[in-house]
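Coordinates as given in my_file09.cif (mmCIF, C-alpha atoms and all ligand atoms):
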data_coords
#
loop_
_atom_site.label_atom_id
_atom_site.label_comp_id
_atom_site.auth_asym_id
_atom_site.auth_seq_id
_atom_site.Cartn_x
_atom_site.Cartn_y
_atom_site.Cartn_z
CA MET G 16 54.16 -17.23 -45.37
CA GLU G 17 50.37 -16.90 -45.18
CA GLY G 18 49.36 -14.50 -42.40
CA ARG G 19 53.00 -13.77 -41.62
CA PRO G 20 53.93 -10.94 -43.94
CA ALA G 21 57.66 -10.69 -44.40
CA VAL G 22 58.74 -7.20 -43.51
CA ASP G 23 61.95 -6.78 -45.44
CA ASP G 24 63.13 -7.80 -48.88
CA ALA G 25 65.57 -10.41 -47.64
CA ALA G 26 62.90 -12.19 -45.60
CA LEU G 27 60.45 -12.01 -48.51
CA GLY G 28 63.07 -13.50 -50.82
CA ARG G 29 63.79 -16.33 -48.39
CA ALA G 30 60.07 -17.05 -48.05
CA ALA G 31 59.71 -17.14 -51.85
CA LEU G 32 62.61 -19.59 -52.22
CA ALA G 33 61.11 -21.75 -49.45
CA VAL G 34 57.84 -22.00 -51.40
CA LEU G 35 59.70 -23.04 -54.55
CA ASP G 36 61.68 -25.62 -52.58
CA ALA G 37 58.51 -27.02 -51.02
CA ASN G 38 56.80 -27.28 -54.43
CA TRP G 39 59.84 -28.84 -56.15
CA THR G 40 59.42 -32.55 -56.89
CA GLY G 41 63.06 -33.23 -57.77
CA VAL G 42 62.15 -32.92 -61.46
CA SER G 43 59.91 -29.87 -61.75
CA THR G 44 57.88 -27.41 -59.71
CA MET G 45 54.18 -27.96 -59.03
CA PRO G 46 52.17 -24.73 -59.28
CA ALA G 47 50.54 -25.70 -55.94
CA PRO G 48 50.74 -29.25 -54.58
CA GLY G 49 47.11 -29.63 -53.46
CA VAL G 50 45.37 -28.18 -56.49
CA TYR G 51 47.90 -28.41 -59.35
CA PRO G 52 50.12 -31.38 -58.49
CA HIS G 53 51.76 -31.73 -61.94
CA GLN G 54 53.81 -29.51 -64.24
CA TRP G 55 52.17 -26.63 -66.08
CA SER G 56 53.90 -25.08 -69.04
CA LEU G 57 53.40 -21.37 -68.35
CA ASP G 58 54.06 -21.84 -64.65
CA SER G 59 57.37 -23.58 -65.39
CA ALA G 60 58.48 -20.67 -67.57
CA PHE G 61 57.73 -18.23 -64.73
CA VAL G 62 59.47 -20.47 -62.19
CA ALA G 63 62.58 -20.63 -64.37
CA ILE G 64 62.58 -16.84 -64.69
CA GLY G 65 62.38 -16.52 -60.90
CA LEU G 66 65.16 -19.04 -60.34
CA ALA G 67 67.38 -17.62 -63.09
CA ARG G 68 69.45 -15.47 -60.75
CA HIS G 69 69.52 -18.02 -57.92
CA ASP G 70 69.96 -21.50 -59.35
CA THR G 71 70.89 -21.93 -63.01
CA ALA G 72 70.87 -25.72 -62.81
CA ARG G 73 67.38 -25.96 -61.37
CA ALA G 74 65.96 -23.28 -63.67
CA GLY G 75 67.38 -25.29 -66.57
CA GLN G 76 66.02 -28.56 -65.27
CA GLU G 77 62.57 -27.03 -64.84
CA LEU G 78 62.42 -26.11 -68.52
CA LEU G 79 64.09 -29.27 -69.81
CA SER G 80 61.67 -31.50 -67.90
CA LEU G 81 58.80 -29.60 -69.50
CA LEU G 82 60.36 -29.84 -72.95
CA ALA G 83 60.74 -33.61 -72.47
CA GLY G 84 56.94 -33.68 -72.82
CA GLN G 85 57.06 -31.91 -76.19
CA TRP G 86 55.11 -33.57 -79.01
CA ARG G 87 56.62 -34.51 -82.37
CA THR G 88 54.60 -31.67 -83.90
CA GLY G 89 56.63 -29.28 -81.73
CA MET G 90 53.72 -28.56 -79.41
CA VAL G 91 54.81 -27.94 -75.82
CA PRO G 92 51.87 -29.33 -73.83
CA HIS G 93 50.19 -27.22 -71.22
CA ILE G 94 50.41 -29.98 -68.60
CA VAL G 95 53.02 -32.70 -68.17
CA PHE G 96 51.66 -35.32 -65.78
CA HIS G 97 54.23 -36.83 -63.48
CA HIS G 98 51.73 -39.30 -61.95
CA ALA G 99 48.13 -40.32 -62.61
CA GLY G 100 46.07 -38.61 -59.93
CA GLY G 101 45.22 -35.39 -58.20
CA TYR G 102 43.88 -33.24 -61.05
CA PHE G 103 40.86 -33.29 -63.31
CA PRO G 104 40.94 -33.63 -66.26
CA GLY G 105 43.89 -36.00 -65.89
CA PRO G 106 45.67 -38.40 -68.25
CA SER G 107 42.60 -40.62 -68.69
CA MET G 108 40.73 -37.73 -70.34
CA TRP G 109 43.59 -36.44 -72.49
CA ARG G 110 44.73 -39.93 -73.62
CA SER G 111 47.98 -38.57 -75.02
CA ALA G 112 49.37 -42.09 -75.28
CA GLU G 113 46.89 -42.72 -78.12
CA ALA G 114 47.83 -39.59 -80.06
CA PRO G 115 50.31 -40.38 -82.83
CA ASP G 116 52.45 -37.29 -82.19
CA ALA G 117 52.72 -37.47 -78.40
CA PRO G 118 56.04 -38.44 -76.81
CA GLY G 119 56.37 -42.03 -75.67
CA GLY G 120 56.51 -42.66 -71.95
CA THR G 121 55.24 -39.24 -70.84
CA GLN G 122 51.58 -38.42 -70.26
CA THR G 123 50.57 -34.90 -71.17
CA SER G 124 47.56 -32.76 -71.99
CA GLY G 125 46.87 -32.14 -75.68
CA LEU G 126 46.76 -28.33 -75.55
CA THR G 127 49.46 -25.69 -75.28
CA GLN G 128 49.89 -22.42 -73.34
CA PRO G 129 51.48 -19.00 -74.04
CA PRO G 130 54.96 -19.72 -75.46
CA LEU G 131 57.08 -17.88 -72.92
CA HIS G 132 59.77 -20.57 -72.93
CA ALA G 133 62.33 -19.08 -75.32
CA TYR G 134 62.16 -15.88 -73.33
CA ALA G 135 62.62 -17.85 -70.08
CA VAL G 136 65.66 -19.62 -71.58
CA TRP G 137 67.04 -16.23 -72.57
CA ARG G 138 66.59 -14.93 -69.02
CA VAL G 139 68.36 -17.96 -67.57
CA TRP G 140 71.23 -17.40 -70.01
CA GLN G 141 71.38 -13.68 -69.26
CA GLN G 142 71.55 -14.06 -65.50
CA ALA G 143 73.61 -17.20 -64.98
CA ALA G 144 76.85 -16.86 -63.05
CA ASP G 145 78.17 -20.11 -64.54
CA ARG G 146 78.36 -19.22 -68.25
CA GLU G 147 79.45 -22.73 -69.33
CA LEU G 148 76.53 -24.37 -67.59
CA ALA G 149 74.12 -21.83 -69.07
CA ALA G 150 75.50 -22.26 -72.59
CA ARG G 151 75.14 -26.05 -72.33
CA PHE G 152 71.56 -25.61 -71.18
CA VAL G 153 70.70 -23.24 -74.05
CA ARG G 154 72.14 -25.71 -76.59
CA LEU G 155 70.11 -28.54 -75.08
CA ALA G 156 66.88 -26.55 -75.15
CA TRP G 157 67.45 -24.98 -78.60
CA PRO G 158 66.09 -27.74 -80.91
CA SER G 159 62.89 -27.94 -78.85
CA LEU G 160 62.46 -24.17 -79.00
CA VAL G 161 62.91 -24.20 -82.78
CA ALA G 162 60.32 -26.98 -83.07
CA GLN G 163 57.93 -25.03 -80.84
CA GLN G 164 58.22 -22.03 -83.16
CA ALA G 165 57.37 -24.23 -86.15
CA TYR G 166 54.34 -25.65 -84.32
CA LEU G 167 53.00 -22.18 -83.55
CA GLU G 168 53.02 -21.38 -87.27
CA THR G 169 50.60 -24.31 -87.78
CA ARG G 170 48.17 -22.57 -85.44
CA ASP G 171 47.65 -19.69 -87.86
CA VAL G 172 44.00 -20.63 -88.28
CA GLY G 173 43.03 -17.16 -89.47
CA GLY G 174 45.80 -17.09 -92.11
CA ALA G 175 47.03 -13.65 -91.09
CA GLY G 176 50.16 -14.45 -89.09
CA LEU G 177 48.79 -14.92 -85.57
CA ALA G 178 48.50 -18.16 -83.60
CA ALA G 179 44.93 -19.04 -82.58
CA ILE G 180 44.13 -20.65 -79.27
CA VAL G 181 41.69 -23.54 -79.60
CA HIS G 182 40.65 -23.69 -75.96
CA PRO G 183 40.46 -21.08 -73.16
CA TRP G 184 42.99 -23.15 -71.17
CA GLU G 185 45.54 -22.33 -73.84
CA SER G 186 45.41 -18.65 -72.93
CA GLY G 187 46.54 -19.12 -69.31
CA MET G 188 43.58 -16.83 -68.46
CA ASP G 189 40.97 -19.56 -68.26
CA ASP G 190 37.75 -17.82 -67.33
CA SER G 191 38.46 -14.49 -68.98
CA PRO G 192 35.34 -12.79 -70.37
CA ALA G 193 37.20 -12.62 -73.70
CA TRP G 194 36.10 -16.24 -74.27
CA ASP G 195 32.40 -15.78 -73.40
CA GLU G 196 31.28 -14.73 -76.85
CA PRO G 197 33.36 -17.26 -78.84
CA LEU G 198 32.08 -20.01 -76.52
CA ALA G 199 28.47 -18.86 -76.76
CA THR G 200 28.51 -18.83 -80.54
CA SER G 201 30.15 -22.24 -80.80
CA GLU G 202 28.39 -25.58 -80.52
CA ALA G 203 30.80 -26.54 -77.77
CA GLY G 204 29.54 -23.67 -75.64
CA ARG G 205 25.80 -24.33 -75.63
CA CYS G 206 24.12 -22.15 -73.04
CA GLY G 207 22.96 -23.50 -69.75
CA ASP G 208 26.22 -25.20 -68.82
CA GLY G 209 28.79 -24.02 -66.35
CA TYR G 210 32.17 -22.95 -67.70
CA HIS G 211 33.81 -26.18 -66.80
CA ASP G 212 31.29 -28.36 -68.64
CA ARG G 213 31.92 -26.28 -71.72
CA TYR G 214 35.65 -26.43 -71.27
CA PHE G 215 35.56 -30.16 -70.79
CA ARG G 216 33.44 -30.68 -73.91
CA LEU G 217 35.77 -28.51 -75.96
CA ALA G 218 38.82 -30.49 -74.74
CA VAL G 219 37.09 -33.75 -75.67
CA LEU G 220 36.49 -32.39 -79.19
CA CYS G 221 40.22 -31.61 -79.50
CA ARG G 222 41.09 -35.10 -78.31
CA ASP G 223 38.57 -36.85 -80.56
CA HIS G 224 40.11 -35.09 -83.56
CA GLY G 225 43.64 -36.15 -82.66
CA TYR G 226 44.68 -32.63 -81.56
CA ALA G 227 45.39 -32.05 -85.25
CA SER G 228 46.18 -28.57 -86.57
CA SER G 229 44.25 -29.37 -89.77
CA TYR G 230 41.12 -30.01 -87.68
CA TYR G 231 41.69 -26.76 -85.78
CA ARG G 232 42.06 -24.89 -89.04
CA ASP G 233 39.02 -26.31 -90.80
CA GLU G 234 36.42 -27.37 -88.24
CA HIS G 235 37.03 -26.77 -84.57
CA PRO G 236 34.37 -24.38 -83.19
CA PHE G 237 36.68 -22.37 -80.92
CA ALA G 238 39.55 -20.48 -82.56
CA VAL G 239 40.55 -17.14 -81.07
CA GLU G 240 43.48 -14.82 -81.71
CA ASP G 241 44.48 -13.62 -78.28
CA PRO G 242 46.67 -10.51 -77.90
CA LEU G 243 48.48 -11.87 -74.82
CA PHE G 244 49.32 -15.26 -76.35
CA ASN G 245 50.63 -13.56 -79.47
CA GLY G 246 52.44 -10.81 -77.54
CA VAL G 247 54.26 -13.51 -75.59
CA TRP G 248 55.04 -15.34 -78.84
CA LEU G 249 56.56 -12.15 -80.26
CA LEU G 250 58.66 -11.70 -77.10
CA SER G 251 59.96 -15.25 -77.52
CA CYS G 252 60.75 -14.66 -81.21
CA ASP G 253 62.99 -11.77 -80.13
CA ALA G 254 64.58 -14.02 -77.51
CA MET G 255 65.17 -16.70 -80.18
CA ALA G 256 66.99 -14.15 -82.33
CA ARG G 257 69.25 -13.19 -79.41
CA LEU G 258 69.94 -16.79 -78.43
CA ALA G 259 70.66 -17.62 -82.08
CA SER G 260 73.32 -14.97 -82.47
CA GLU G 261 74.76 -14.87 -78.94
CA VAL G 262 74.83 -18.53 -77.96
CA VAL G 263 73.89 -21.03 -80.63
CA GLY G 264 75.60 -19.57 -83.68
CA ALA G 265 72.41 -19.78 -85.76
CA ASP G 266 70.88 -17.22 -88.11
CA PRO G 267 68.71 -14.77 -86.11
CA GLU G 268 66.98 -13.41 -89.21
CA PRO G 269 64.04 -15.89 -89.41
CA PHE G 270 63.10 -15.09 -85.82
CA LEU G 271 63.31 -11.34 -86.36
CA GLU G 272 61.13 -11.77 -89.44
CA ALA G 273 58.62 -13.80 -87.41
CA ALA G 274 58.52 -11.07 -84.75
CA ALA G 275 57.92 -8.43 -87.42
CA ARG G 276 55.11 -10.52 -88.96
CA ILE G 277 53.39 -10.94 -85.61
CA ARG G 278 53.75 -7.18 -84.89
CA VAL G 279 52.03 -6.27 -88.17
CA ALA G 280 49.31 -8.89 -87.68
CA LEU G 281 48.59 -7.79 -84.11
CA LEU G 282 48.03 -4.24 -85.31
CA ASP G 283 46.05 -5.24 -88.40
CA ARG G 284 43.87 -7.85 -86.75
CA LEU G 285 43.46 -7.01 -83.07
CA TRP G 286 43.93 -3.26 -82.68
CA ASP G 287 40.99 -0.88 -82.60
CA ASP G 288 41.09 1.71 -79.81
CA ALA G 289 42.73 -1.04 -77.71
CA PHE G 290 43.75 -4.65 -78.37
CA TYR G 291 40.90 -7.17 -78.37
CA ALA G 292 40.70 -10.91 -78.93
CA ARG G 293 39.37 -11.90 -82.36
CA ASP G 294 36.95 -14.77 -82.78
CA VAL G 295 38.29 -16.32 -85.98
CA ARG G 296 35.03 -18.23 -86.59
CA THR G 297 32.82 -15.13 -86.67
CA GLY G 298 35.53 -12.65 -87.65
CA ARG G 299 34.44 -10.38 -84.78
CA LEU G 300 36.61 -8.62 -82.22
CA VAL G 301 35.31 -9.56 -78.76
CA PRO G 302 34.26 -6.20 -77.32
CA VAL G 303 35.64 -6.46 -73.79
CA CYS G 304 38.92 -5.01 -72.54
CA THR G 305 40.85 -7.47 -70.43
CA ILE G 306 44.37 -7.73 -69.10
CA GLY G 307 45.16 -9.82 -72.19
CA GLY G 308 44.81 -6.68 -74.30
CA PHE G 309 48.07 -5.37 -72.84
CA GLY G 310 50.06 -8.38 -74.09
CA PRO G 311 51.33 -6.61 -77.23
CA MET G 312 53.05 -4.05 -74.99
CA LEU G 313 55.72 -6.73 -74.49
CA ASP G 314 56.87 -5.89 -78.02
CA PRO G 315 59.85 -3.50 -77.93
CA GLY G 316 58.95 -2.44 -81.49
CA LEU G 317 55.33 -1.48 -80.81
CA PRO G 318 54.66 1.97 -82.36
CA ARG G 319 54.88 4.83 -79.88
CA HIS G 320 51.31 6.07 -80.35
CA VAL G 321 49.99 2.57 -79.57
CA VAL G 322 52.15 2.35 -76.44
CA GLU G 323 50.81 5.72 -75.34
CA ALA G 324 47.17 4.72 -75.90
CA LEU G 325 47.68 1.46 -73.98
CA THR G 326 49.45 3.25 -71.14
CA SER G 327 46.64 5.72 -70.69
CA LEU G 328 44.07 2.88 -70.71
CA LEU G 329 46.14 0.96 -68.17
CA GLU G 330 46.48 3.97 -65.88
CA SER G 331 42.84 4.98 -66.26
CA THR G 332 40.01 4.29 -63.83
CA ARG G 333 39.12 1.24 -65.93
CA PHE G 334 42.27 -0.55 -64.73
CA MET G 335 45.04 0.68 -62.40
CA GLY G 336 43.49 4.03 -61.57
CA ALA G 337 40.45 2.50 -59.91
CA THR G 338 41.80 -0.14 -57.60
CA GLY G 339 44.13 -0.13 -54.63
CA TYR G 340 45.80 -3.39 -55.66
CA PRO G 341 46.29 -3.35 -59.43
CA VAL G 342 46.09 -4.66 -62.05
CA PRO G 343 42.55 -6.06 -62.33
CA SER G 344 42.28 -8.76 -64.99
CA CYS G 345 39.22 -7.13 -66.56
CA ASP G 346 38.08 -3.57 -67.21
CA ILE G 347 36.23 -2.74 -63.98
CA ARG G 348 33.51 -0.94 -65.94
CA ALA G 349 32.71 -3.99 -68.06
CA PRO G 350 29.51 -5.82 -67.06
CA GLU G 351 31.54 -9.05 -66.94
CA PHE G 352 33.93 -7.70 -64.29
CA ASP G 353 33.83 -9.79 -61.10
CA ARG G 354 36.37 -8.95 -58.41
CA GLY G 355 36.30 -12.48 -56.97
CA GLN G 356 36.19 -14.76 -59.99
CA TYR G 357 39.30 -16.20 -61.65
CA TRP G 358 40.56 -14.08 -64.51
CA ARG G 359 37.39 -11.95 -64.53
CA GLY G 360 38.62 -9.30 -62.08
CA PRO G 361 41.31 -10.35 -59.60
CA SER G 362 44.90 -9.12 -59.90
CA TRP G 363 47.55 -11.71 -60.72
CA ILE G 364 51.30 -11.61 -60.01
CA SER G 365 52.00 -13.07 -63.46
CA THR G 366 50.23 -10.38 -65.46
CA ASN G 367 51.54 -7.63 -63.17
CA TRP G 368 55.03 -8.96 -63.81
CA LEU G 369 54.51 -9.07 -67.59
CA LEU G 370 53.21 -5.49 -67.52
CA SER G 371 56.11 -4.26 -65.41
CA ARG G 372 58.48 -5.81 -67.99
CA ALA G 373 56.53 -4.22 -70.82
CA ALA G 374 56.64 -0.80 -69.14
CA ALA G 375 60.40 -1.08 -68.59
CA THR G 376 60.86 -2.12 -72.24
CA HIS G 377 59.27 1.13 -73.36
CA GLY G 378 61.22 3.29 -70.92
CA LEU G 379 58.12 3.89 -68.79
CA ASP G 380 60.17 3.73 -65.61
CA ARG G 381 57.64 5.32 -63.28
CA LEU G 382 54.90 2.94 -64.40
CA SER G 383 57.23 0.00 -64.07
CA GLU G 384 58.23 1.05 -60.55
CA ILE G 385 54.58 1.44 -59.50
CA LEU G 386 53.80 -2.02 -60.85
CA VAL G 387 56.76 -3.57 -59.06
CA ALA G 388 55.97 -1.83 -55.76
CA SER G 389 52.25 -2.64 -55.84
CA THR G 390 52.92 -6.27 -56.73
CA LEU G 391 55.37 -6.66 -53.86
CA ARG G 392 52.81 -5.04 -51.57
CA LEU G 393 50.27 -7.70 -52.57
CA VAL G 394 52.52 -10.60 -51.58
CA ARG G 395 53.87 -8.85 -48.48
CA GLN G 396 50.34 -8.37 -47.22
CA GLY G 397 48.58 -11.44 -48.51
CA GLY G 398 51.25 -14.09 -49.06
CA PHE G 399 52.06 -15.91 -52.30
CA ARG G 400 48.43 -16.41 -53.22
CA GLU G 401 47.20 -17.44 -56.65
CA CYS G 402 45.37 -14.12 -57.19
CA PHE G 403 44.12 -11.11 -55.26
CA ASP G 404 41.07 -8.90 -54.87
CA PRO G 405 42.01 -5.74 -56.78
CA PHE G 406 40.22 -3.45 -54.34
CA ASP G 407 41.34 -4.68 -50.92
CA GLY G 408 44.22 -7.05 -51.76
CA THR G 409 42.63 -10.13 -50.15
CA GLY G 410 44.29 -13.29 -51.44
CA HIS G 411 42.25 -15.88 -53.38
CA GLY G 412 42.85 -19.41 -54.58
CA CYS G 413 45.90 -21.47 -53.73
CA ARG G 414 48.36 -20.51 -51.04
CA ASP G 415 52.10 -20.78 -51.61
CA PHE G 416 51.57 -20.58 -55.35
CA SER G 417 54.79 -21.12 -57.27
CA TRP G 418 54.62 -18.41 -59.92
CA SER G 419 53.68 -15.79 -57.33
CA ALA G 420 56.79 -16.78 -55.33
CA ALA G 421 59.07 -17.06 -58.37
CA LEU G 422 58.13 -13.71 -59.87
CA THR G 423 58.48 -12.06 -56.46
CA LEU G 424 62.11 -13.23 -56.51
CA ASP G 425 62.61 -11.60 -59.89
CA LEU G 426 60.93 -8.37 -58.79
CA LEU G 427 63.10 -8.20 -55.68
CA GLY G 428 66.16 -8.41 -57.89
CA ARG G 429 65.20 -5.46 -60.09
C1 LIG C 1 44.93 -22.25 -64.30
O1 LIG C 1 44.57 -23.16 -65.33
C2 LIG C 1 44.22 -24.53 -65.04
C3 LIG C 1 44.01 -25.24 -66.38
O2 LIG C 1 45.19 -25.26 -67.10
C4 LIG C 1 42.99 -24.68 -64.19
O3 LIG C 1 42.22 -23.72 -64.06
O4 LIG C 1 42.78 -25.78 -63.66
C5 LIG C 1 45.38 -20.95 -65.00
O5 LIG C 1 45.51 -19.90 -64.09
C6 LIG C 1 46.68 -21.19 -65.78
O6 LIG C 1 47.21 -19.99 -66.27
C7 LIG C 1 47.74 -21.87 -64.92
O7 LIG C 1 48.83 -22.23 -65.74
C8 LIG C 1 47.19 -23.11 -64.20
C9 LIG C 1 48.17 -23.68 -63.18
O8 LIG C 1 48.63 -22.66 -62.32
O9 LIG C 1 45.98 -22.79 -63.51
#

Show me the file's structure as structure tokens.
Amino acid sequence: MEGRPAVDDAALGRAALAVLDANWTGVSTMPAPGVYPHQWSLDSAFVAIGLARHDTARAGQELLSLLAGQWRTGMVPHIVFHHAGGYFPGPSMWRSAEAPDAPGGTQTSGLTQPPLHAYAVWRVWQQAADRELAARFVRLAWPSLVAQQAYLETRDVGGAGLAAIVHPWESGMDDSPAWDEPLATSEAGRCGDGYHDRYFRLAVLCRDHGYASSYYRDEHPFAVEDPLFNGVWLLSCDAMARLASEVVGADPEPFLEAAARIRVALLDRLWDDAFYARDVRTGRLVPVCTIGGFGPMLDPGLPRHVVEALTSLLESTRFMGATGYPVPSCDIRAPEFDRGQYWRGPSWISTNWLLSRAAATHGLDRLSEILVASTLRLVRQGGFRECFDPFDGTGHGCRDFSWSAALTLDLLGR
């Protein structure tokens, strides 16, 4: 695909499916074989969404193989290792086998990632041609999804109804400037180190305390309420309610109540003139606008005036209005903005896709169409890269990156 832009939609779709086939191991899809040769939680959710219309069985298998790595606490780990090598930090750092709650026989990381999985299951259900197959898949996944919901409740470190991330890797937006201040004020983030030293030390702290929610609540130095993580959680609560009543025959009410609680908490805790991450340890909102601040737009019940304020910020010269290849992952006027550094400036297919969904949810059809068209332009011109320069569209990071290919498939089907 790289350097050979597909000219029409059909060719682009075929190229996207070819990437997913090449990255498929027979069990799950690697985000990118050279750099990420295992299974990542958020990536698998995006892959399943992309495959939903094309291959119900494989979309289902993708999610079920991830859920097989679920811990007894209900935590869905951010990485499921299918072999020992090829990525640092690997199984020998995480030592999941020694953690009392980890699943036997599967090596995983000890952190989680944005809980998009119930929503991905819902999308597979919605789009499957074979209704029987899809219903069987939903019933298989359901108990794990319920357990995941219960686990997220244990992450309410701040006691206000939001889940806190305990490591930047849990956000899916690793190097976002939203974590600079919480890292700087915590022991784990002593100055003078590079990001990855800090991240490693923080992961070791989690491990050495058994990845226990009680430790996270009472002692762990990094606890942040992230608007994207919680916006995704809310989206999945809505999906749980739909799956409960349409497929499983369970009571949707607890999930609707959870969604309502998260909605209120997002507005009470993270909204000022925009949504910001809150450092639970200091109680401060982290004063930098990033792409994560648009996460609550995924909520269909977000009040209209908040949707309008977010839309005008998104369309302003701080985000979409300033760059030829939106949406930059950080406010371009922020001192932390860096057009070339992961999650500190580049545009990502994943966040563009989430925003296009959010816009469609609120009936912002023009905005949604612009996001879809500009995202397809990125991959047509640059290939299925991991991320892109927001000004000139140059691709960065991995080539043939699975979630870029998968979400392209979904966008082509809109
Ligand atoms: C990036 O995160 C990993 C750590 O989990 C890394 O930087 O090594 C992020 O972009 C994350 O969102 C993604 O899930 C992962 C694999 O694509 O890569």

Quick one: 5 Å padding each side, axis-aligned, all listed atoms of ligand LIG 1 (chain C) - centre and edge lengths in Å to one decimal, as AutoDock Vina command-line options?
--center_x 45.5 --center_y -22.8 --center_z -64.7 --size_x 16.6 --size_y 15.9 --size_z 14.8

Correct to one decimal, the distance CA of Gln141 (chain G)-CA of Leu271 (chain G) is 19.1 Å

- Task: Determine, counting all atoms listed in the file, every residue of protein, DNA or RNA that lies within 12 Å of (49.4, -14.9, -91.2) in the file coordinates, then give the result as a list in words.
- Result: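 Checking each residue against the 12 Å limit leaves Leu167, Glu168, Thr169, Arg170, Asp171, Val172, Gly173, Gly174, Ala175, Gly176, Leu177, Ala178, Ala179, Glu240, Asn245, Ala273, Ala274, Ala275, Arg276, Ile277, Arg278, Val279, Ala280, Leu281, Asp283 and Arg284 of chain G.
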
What would the file look like if the residues just selected were written as a PDB file, keeping the file's coordinate frame with C-alpha atoms?
ATOM      1  CA  LEU G 167      53.000 -22.180 -83.550  1.00  0.00           C
ATOM      2  CA  GLU G 168      53.020 -21.380 -87.270  1.00  0.00           C
ATOM      3  CA  THR G 169      50.600 -24.310 -87.780  1.00  0.00           C
ATOM      4  CA  ARG G 170      48.170 -22.570 -85.440  1.00  0.00           C
ATOM      5  CA  ASP G 171      47.650 -19.690 -87.860  1.00  0.00           C
ATOM      6  CA  VAL G 172      44.000 -20.630 -88.280  1.00  0.00           C
ATOM      7  CA  GLY G 173      43.030 -17.160 -89.470  1.00  0.00           C
ATOM      8  CA  GLY G 174      45.800 -17.090 -92.110  1.00  0.00           C
ATOM      9  CA  ALA G 175      47.030 -13.650 -91.090  1.00  0.00           C
ATOM     10  CA  GLY G 176      50.160 -14.450 -89.090  1.00  0.00           C
ATOM     11  CA  LEU G 177      48.790 -14.920 -85.570  1.00  0.00           C
ATOM     12  CA  ALA G 178      48.500 -18.160 -83.600  1.00  0.00           C
ATOM     13  CA  ALA G 179      44.930 -19.040 -82.580  1.00  0.00           C
ATOM     14  CA  GLU G 240      43.480 -14.820 -81.710  1.00  0.00           C
ATOM     15  CA  ASN G 245      50.630 -13.560 -79.470  1.00  0.00           C
ATOM     16  CA  ALA G 273      58.620 -13.800 -87.410  1.00  0.00           C
ATOM     17  CA  ALA G 274      58.520 -11.070 -84.750  1.00  0.00           C
ATOM     18  CA  ALA G 275      57.920  -8.430 -87.420  1.00  0.00           C
ATOM     19  CA  ARG G 276      55.110 -10.520 -88.960  1.00  0.00           C
ATOM     20  CA  ILE G 277      53.390 -10.940 -85.610  1.00  0.00           C
ATOM     21  CA  ARG G 278      53.750  -7.180 -84.890  1.00  0.00           C
ATOM     22  CA  VAL G 279      52.030  -6.270 -88.170  1.00  0.00           C
ATOM     23  CA  ALA G 280      49.310  -8.890 -87.680  1.00  0.00           C
ATOM     24  CA  LEU G 281      48.590  -7.790 -84.110  1.00  0.00           C
ATOM     25  CA  ASP G 283      46.050  -5.240 -88.400  1.00  0.00           C
ATOM     26  CA  ARG G 284      43.870  -7.850 -86.750  1.00  0.00           C
TER      27      ARG G 284
END

* To do: Please identify all polymer residues within 12 Å of His182 (chain G), counting all atoms listed in the file, omitting same-chain residues fewer than 6 positions from it, and present them as a ChimeraX atom specification.
  => /G:93,125-129,188-191,193-195,197-198,201,203-204,210-211,213-222,226,231,235-241,294

Ligand LIG 1 (chain C) proximity check over G:Glu113, G:Glu196, G:Asp58, G:Asp425, using only C-alpha atoms and all ligand atoms: winner is G:Asp58

Selection within 10 Å of ligand LIG 1 (chain C) by only C-alpha atoms and all ligand atoms, output as a tab-separated table (two decimals) with C-alpha atoms, in the coordinates of the input:
chain	number	residue	atom	x	y	z
G	45	MET	CA	54.18	-27.96	-59.03
G	46	PRO	CA	52.17	-24.73	-59.28
G	47	ALA	CA	50.54	-25.70	-55.94
G	50	VAL	CA	45.37	-28.18	-56.49
G	51	TYR	CA	47.90	-28.41	-59.35
G	52	PRO	CA	50.12	-31.38	-58.49
G	53	HIS	CA	51.76	-31.73	-61.94
G	54	GLN	CA	53.81	-29.51	-64.24
G	55	TRP	CA	52.17	-26.63	-66.08
G	56	SER	CA	53.90	-25.08	-69.04
G	57	LEU	CA	53.40	-21.37	-68.35
G	58	ASP	CA	54.06	-21.84	-64.65
G	59	SER	CA	57.37	-23.58	-65.39
G	60	ALA	CA	58.48	-20.67	-67.57
G	61	PHE	CA	57.73	-18.23	-64.73
G	93	HIS	CA	50.19	-27.22	-71.22
G	94	ILE	CA	50.41	-29.98	-68.60
G	102	TYR	CA	43.88	-33.24	-61.05
G	103	PHE	CA	40.86	-33.29	-63.31
G	104	PRO	CA	40.94	-33.63	-66.26
G	124	SER	CA	47.56	-32.76	-71.99
G	126	LEU	CA	46.76	-28.33	-75.55
G	127	THR	CA	49.46	-25.69	-75.28
G	128	GLN	CA	49.89	-22.42	-73.34
G	129	PRO	CA	51.48	-19.00	-74.04
G	183	PRO	CA	40.46	-21.08	-73.16
G	184	TRP	CA	42.99	-23.15	-71.17
G	185	GLU	CA	45.54	-22.33	-73.84
G	186	SER	CA	45.41	-18.65	-72.93
G	187	GLY	CA	46.54	-19.12	-69.31
G	188	MET	CA	43.58	-16.83	-68.46
G	189	ASP	CA	40.97	-19.56	-68.26
G	190	ASP	CA	37.75	-17.82	-67.33
G	211	HIS	CA	33.81	-26.18	-66.80
G	214	TYR	CA	35.65	-26.43	-71.27
G	357	TYR	CA	39.30	-16.20	-61.65
G	358	TRP	CA	40.56	-14.08	-64.51
G	363	TRP	CA	47.55	-11.71	-60.72
G	365	SER	CA	52.00	-13.07	-63.46
G	401	GLU	CA	47.20	-17.44	-56.65
G	402	CYS	CA	45.37	-14.12	-57.19
G	412	GLY	CA	42.85	-19.41	-54.58
G	413	CYS	CA	45.90	-21.47	-53.73
G	416	PHE	CA	51.57	-20.58	-55.35
G	417	SER	CA	54.79	-21.12	-57.27
G	418	TRP	CA	54.62	-18.41	-59.92
G	419	SER	CA	53.68	-15.79	-57.33
